[in-house]
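One structure is given below, encoded as structure tokens.
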Amino acid sequence: MMKLALLVALLLPTVAAAEPATYTTLHTSRATFKTEAPLETMVGTVGSPSGTPYEQLSVQGKIVVDTAKPQEAKGTIRVDMNNVRTGIDRRDAHMRSKDFLDTEASEANRYAVFEIKNIEVAGPLQPGKETPAKVRGTFTVRGKPYETVADALITYIKLTPEQVEAQKRFGFTADNLRVKAKFATKFTNHNMQVPQILILKVSDDIQVETDLILVRQ
């Protein structure tokens with residue numbers, strides 16, 4: 001009994017010390033947009049070159065989360081739609097045009113934004129363990145919001161002092177998160193319509209996937 005009481009006493013300070021912290025994206029974060037039409041599958045990817053500072057990232061975001069209580073996490077992820085690349089320059093330009101994203105019209109059109117409202121996850125995040133979760137939030141494209149739920153896998157990666165020393169040149173800190181998520185939306189959810197001439201090559205349905213690497217500040 002005394003041993004159990006001693007163990008509880010040792011663990012309590014660790015639990016009490018847990019608190020919300022801000023995590024920001026690294027340049028290795030990526031976002032992908034995919035449509036599957038009868039005649040073509042189109043995949044657009046957004047990322048940043050190595051060494052890009054946070055302020056210039058194409059996939060930029062901050063999440064405030066307590067790893068002991070991740071359900072209360074809040075945050076925003078912004079994707080610069082000017083930097084979507086599908087492998088065909090002409091098609092990329094068409095996606096940025098007034099027919100679709102109209103990215104030059106305003107800041108609201110330029111960025112696709114996912115605002116995290118809450119996370120449905122069983123228990124705290126454990127270092128080194130991939131944890132399934134449901135991320136509820138609002139996805140806004142071209143200024144038009146859409147309520148959605150993303151299926152996610154969250155991995156909490158905690159580094160030793162020696163590992164931090166070896167990895168800090170890449171931007172990593174002692175506490176890091178990897179969030180792989182996916183959800184579906186439609187062009188029509190965001191006041192966009194696929195032209196009839198493209199209906200066999202571009203689907204109204206869009207599969208969005210993210211692979212976010214975030215580090216504690």
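Chain labels A, B, ... are given in the sequence in which chains occur in the structure tokens; within each chain residues are numbered consecutively from 1, and ligands are likewise numbered from 1 in the order shown.
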Do you have, as a tab-separated table, the list of residues of region 84-178 of chain A lying at most 10 Å from region 76-79 of chain A, each with its nearest atom pair and that distance in Å to one decimal, counting only C-alpha atoms and ordered by chain then number?
```
residue	atom	partner	partner_atom	distance
A:Val84	CA	A:Val79	CA	9.0
A:Arg110	CA	A:Val79	CA	8.4
A:Tyr111	CA	A:Val79	CA	5.4
A:Ala112	CA	A:Val79	CA	5.1
A:Val113	CA	A:Arg78	CA	4.5
A:Phe114	CA	A:Ile77	CA	5.2
A:Glu115	CA	A:Thr76	CA	4.5
A:Ile116	CA	A:Thr76	CA	6.0
A:Lys117	CA	A:Thr76	CA	9.2
A:Gly137	CA	A:Thr76	CA	9.3
A:Thr138	CA	A:Thr76	CA	9.5
A:Phe139	CA	A:Ile77	CA	9.5
A:Thr140	CA	A:Arg78	CA	9.5
A:Val141	CA	A:Val79	CA	9.8
```
Practice prompt. Name all residues at most 12 Å from Val46 (chain A) (count only C-alpha atoms; drop same-chain ones fewer than 2 positions away) and give them as a ChimeraX atom specification.
Written response: /A:27-34,43-44,48-49,57-60,78-87,92,111-112,208-212
Item to complete: Extract the full set of strand (DSSP E or B) residues from region 8-213 of chain A according to DSSP on the backbone, and format it as a ChimeraX atom specification.
Response: /A:21-25,30-36,41-46,59-65,74-80,85,111-120,127,130-141,144-158,175-186,205-213
Discussion item. Give me, as JSON, numbers by chain, the residues of region 7-217 of chain A that a backbone DSSP run labels alpha helix (DSSP H).
Written reply: {"A": [7, 8, 9, 10, 11, 12, 13, 14, 15, 16, 17, 89, 90, 91, 92, 93, 94, 95, 96, 107, 108, 109, 110, 161, 162, 163, 164, 165, 166, 167]}
Dump N, CA and C atoms for the selected residues as a short mmCIF file (atom, residue, chain, number, x, y, z; two decimals), in the first residue's frame?
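What follows is the written file again-v5.cif:
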```cif
data_model
loop_
_atom_site.label_atom_id
_atom_site.label_comp_id
_atom_site.auth_asym_id
_atom_site.auth_seq_id
_atom_site.Cartn_x
_atom_site.Cartn_y
_atom_site.Cartn_z
N LEU A 7 4.15 5.74 -5.47
CA LEU A 7 4.10 5.82 -6.92
C LEU A 7 3.15 6.92 -7.38
N VAL A 8 1.99 7.02 -6.74
CA VAL A 8 1.02 8.06 -7.07
C VAL A 8 1.61 9.44 -6.80
N ALA A 9 2.31 9.57 -5.68
CA ALA A 9 2.91 10.86 -5.32
C ALA A 9 3.96 11.28 -6.34
N LEU A 10 4.69 10.31 -6.87
CA LEU A 10 5.71 10.62 -7.88
C LEU A 10 5.10 11.04 -9.21
N LEU A 11 3.95 10.44 -9.53
CA LEU A 11 3.32 10.72 -10.82
C LEU A 11 2.55 12.02 -10.84
N LEU A 12 2.01 12.42 -9.70
CA LEU A 12 1.17 13.60 -9.65
C LEU A 12 1.84 14.87 -10.17
N PRO A 13 3.09 15.16 -9.80
CA PRO A 13 3.71 16.37 -10.33
C PRO A 13 3.81 16.38 -11.85
N THR A 14 4.04 15.20 -12.45
CA THR A 14 4.15 15.10 -13.91
C THR A 14 2.82 15.46 -14.57
N VAL A 15 1.72 14.94 -14.02
CA VAL A 15 0.41 15.23 -14.57
C VAL A 15 0.06 16.70 -14.42
N ALA A 16 0.37 17.27 -13.24
CA ALA A 16 0.04 18.66 -12.97
C ALA A 16 0.82 19.61 -13.86
N ALA A 17 2.02 19.17 -14.27
CA ALA A 17 2.88 20.04 -15.07
C ALA A 17 2.40 20.18 -16.50
N ASP A 89 1.60 23.11 -65.80
CA ASP A 89 1.57 24.54 -65.50
C ASP A 89 0.28 25.21 -65.98
N ARG A 90 -0.16 24.84 -67.17
CA ARG A 90 -1.38 25.45 -67.72
C ARG A 90 -2.59 25.14 -66.84
N ARG A 91 -2.65 23.92 -66.36
CA ARG A 91 -3.77 23.53 -65.49
C ARG A 91 -3.69 24.27 -64.15
N ASP A 92 -2.47 24.43 -63.63
CA ASP A 92 -2.29 25.17 -62.37
C ASP A 92 -2.80 26.60 -62.52
N ALA A 93 -2.46 27.23 -63.64
CA ALA A 93 -2.90 28.60 -63.89
C ALA A 93 -4.43 28.67 -63.99
N HIS A 94 -5.03 27.65 -64.61
CA HIS A 94 -6.48 27.61 -64.74
C HIS A 94 -7.15 27.47 -63.37
N MET A 95 -6.55 26.67 -62.48
CA MET A 95 -7.11 26.50 -61.14
C MET A 95 -7.07 27.80 -60.34
N ARG A 96 -6.06 28.64 -60.62
CA ARG A 96 -5.95 29.92 -59.91
C ARG A 96 -6.82 31.01 -60.53
N GLU A 107 -7.14 38.04 -50.20
CA GLU A 107 -6.45 37.13 -49.30
C GLU A 107 -7.34 35.93 -48.96
N ALA A 108 -8.65 36.20 -48.82
CA ALA A 108 -9.59 35.12 -48.50
C ALA A 108 -9.59 34.06 -49.59
N ASN A 109 -9.45 34.46 -50.84
CA ASN A 109 -9.42 33.50 -51.94
C ASN A 109 -8.07 32.80 -52.04
N ARG A 110 -7.02 33.49 -51.66
CA ARG A 110 -5.68 32.92 -51.81
C ARG A 110 -5.44 31.72 -50.89
N PRO A 161 17.58 15.13 -24.99
CA PRO A 161 18.48 16.27 -25.21
C PRO A 161 19.50 16.00 -26.31
N GLU A 162 20.01 14.79 -26.37
CA GLU A 162 20.99 14.44 -27.41
C GLU A 162 20.34 14.49 -28.79
N GLN A 163 19.13 13.97 -28.90
CA GLN A 163 18.43 13.99 -30.19
C GLN A 163 18.08 15.41 -30.61
N VAL A 164 17.70 16.25 -29.65
CA VAL A 164 17.41 17.65 -29.96
C VAL A 164 18.63 18.34 -30.53
N GLU A 165 19.78 18.07 -29.94
CA GLU A 165 21.02 18.69 -30.40
C GLU A 165 21.31 18.28 -31.84
N ALA A 166 21.04 17.01 -32.17
CA ALA A 166 21.30 16.52 -33.52
C ALA A 166 20.27 17.00 -34.54
N GLN A 167 19.04 17.27 -34.08
CA GLN A 167 17.94 17.59 -35.00
C GLN A 167 17.56 19.08 -35.04
#
```
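Between Gln217 (chain A) and the candidates A:Ser50, A:Thr185, A:Asn118, A:Thr173, the tightest atom-to-atom separation, counting only C-alpha atoms, involves A:Thr173.
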Worksheet item: Taking into account only C-alpha atoms, which residue in the set A:Pro132, A:Pro53, A:Gly143, A:Pro195 is nearest to Asp99 (chain A)?
Response: A:Pro195
Worksheet entry | Test item: residues at most 10 Å from Met192 (chain A), only C-alpha atoms, excluding those fewer than 2 positions along its chain, as a PyMOL selection string | chain A and resi 98-101+141-142+144+186-190+194-195+204
Item to complete: State, in Å with one decimal place, the distance from CA of Lys158 (chain A) to CA of Tyr54 (chain A).
Response: 21.2 Å
Practice prompt. Measure the distance from CA of Gln126 (chain A) to CA of Glu19 (chain A) in Å and round it to one decimal.
Written response: 14.7 Å
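Among A:Ile213, A:Leu198, A:Ala133, A:Val64, the residue with the shortest atom-to-atom distance to Val179 (chain A), counting only C-alpha atoms, is A:Ile213.
As for CA of Thr22 (chain A) and CA of Thr155 (chain A), they are spaced 15.8 Å apart.
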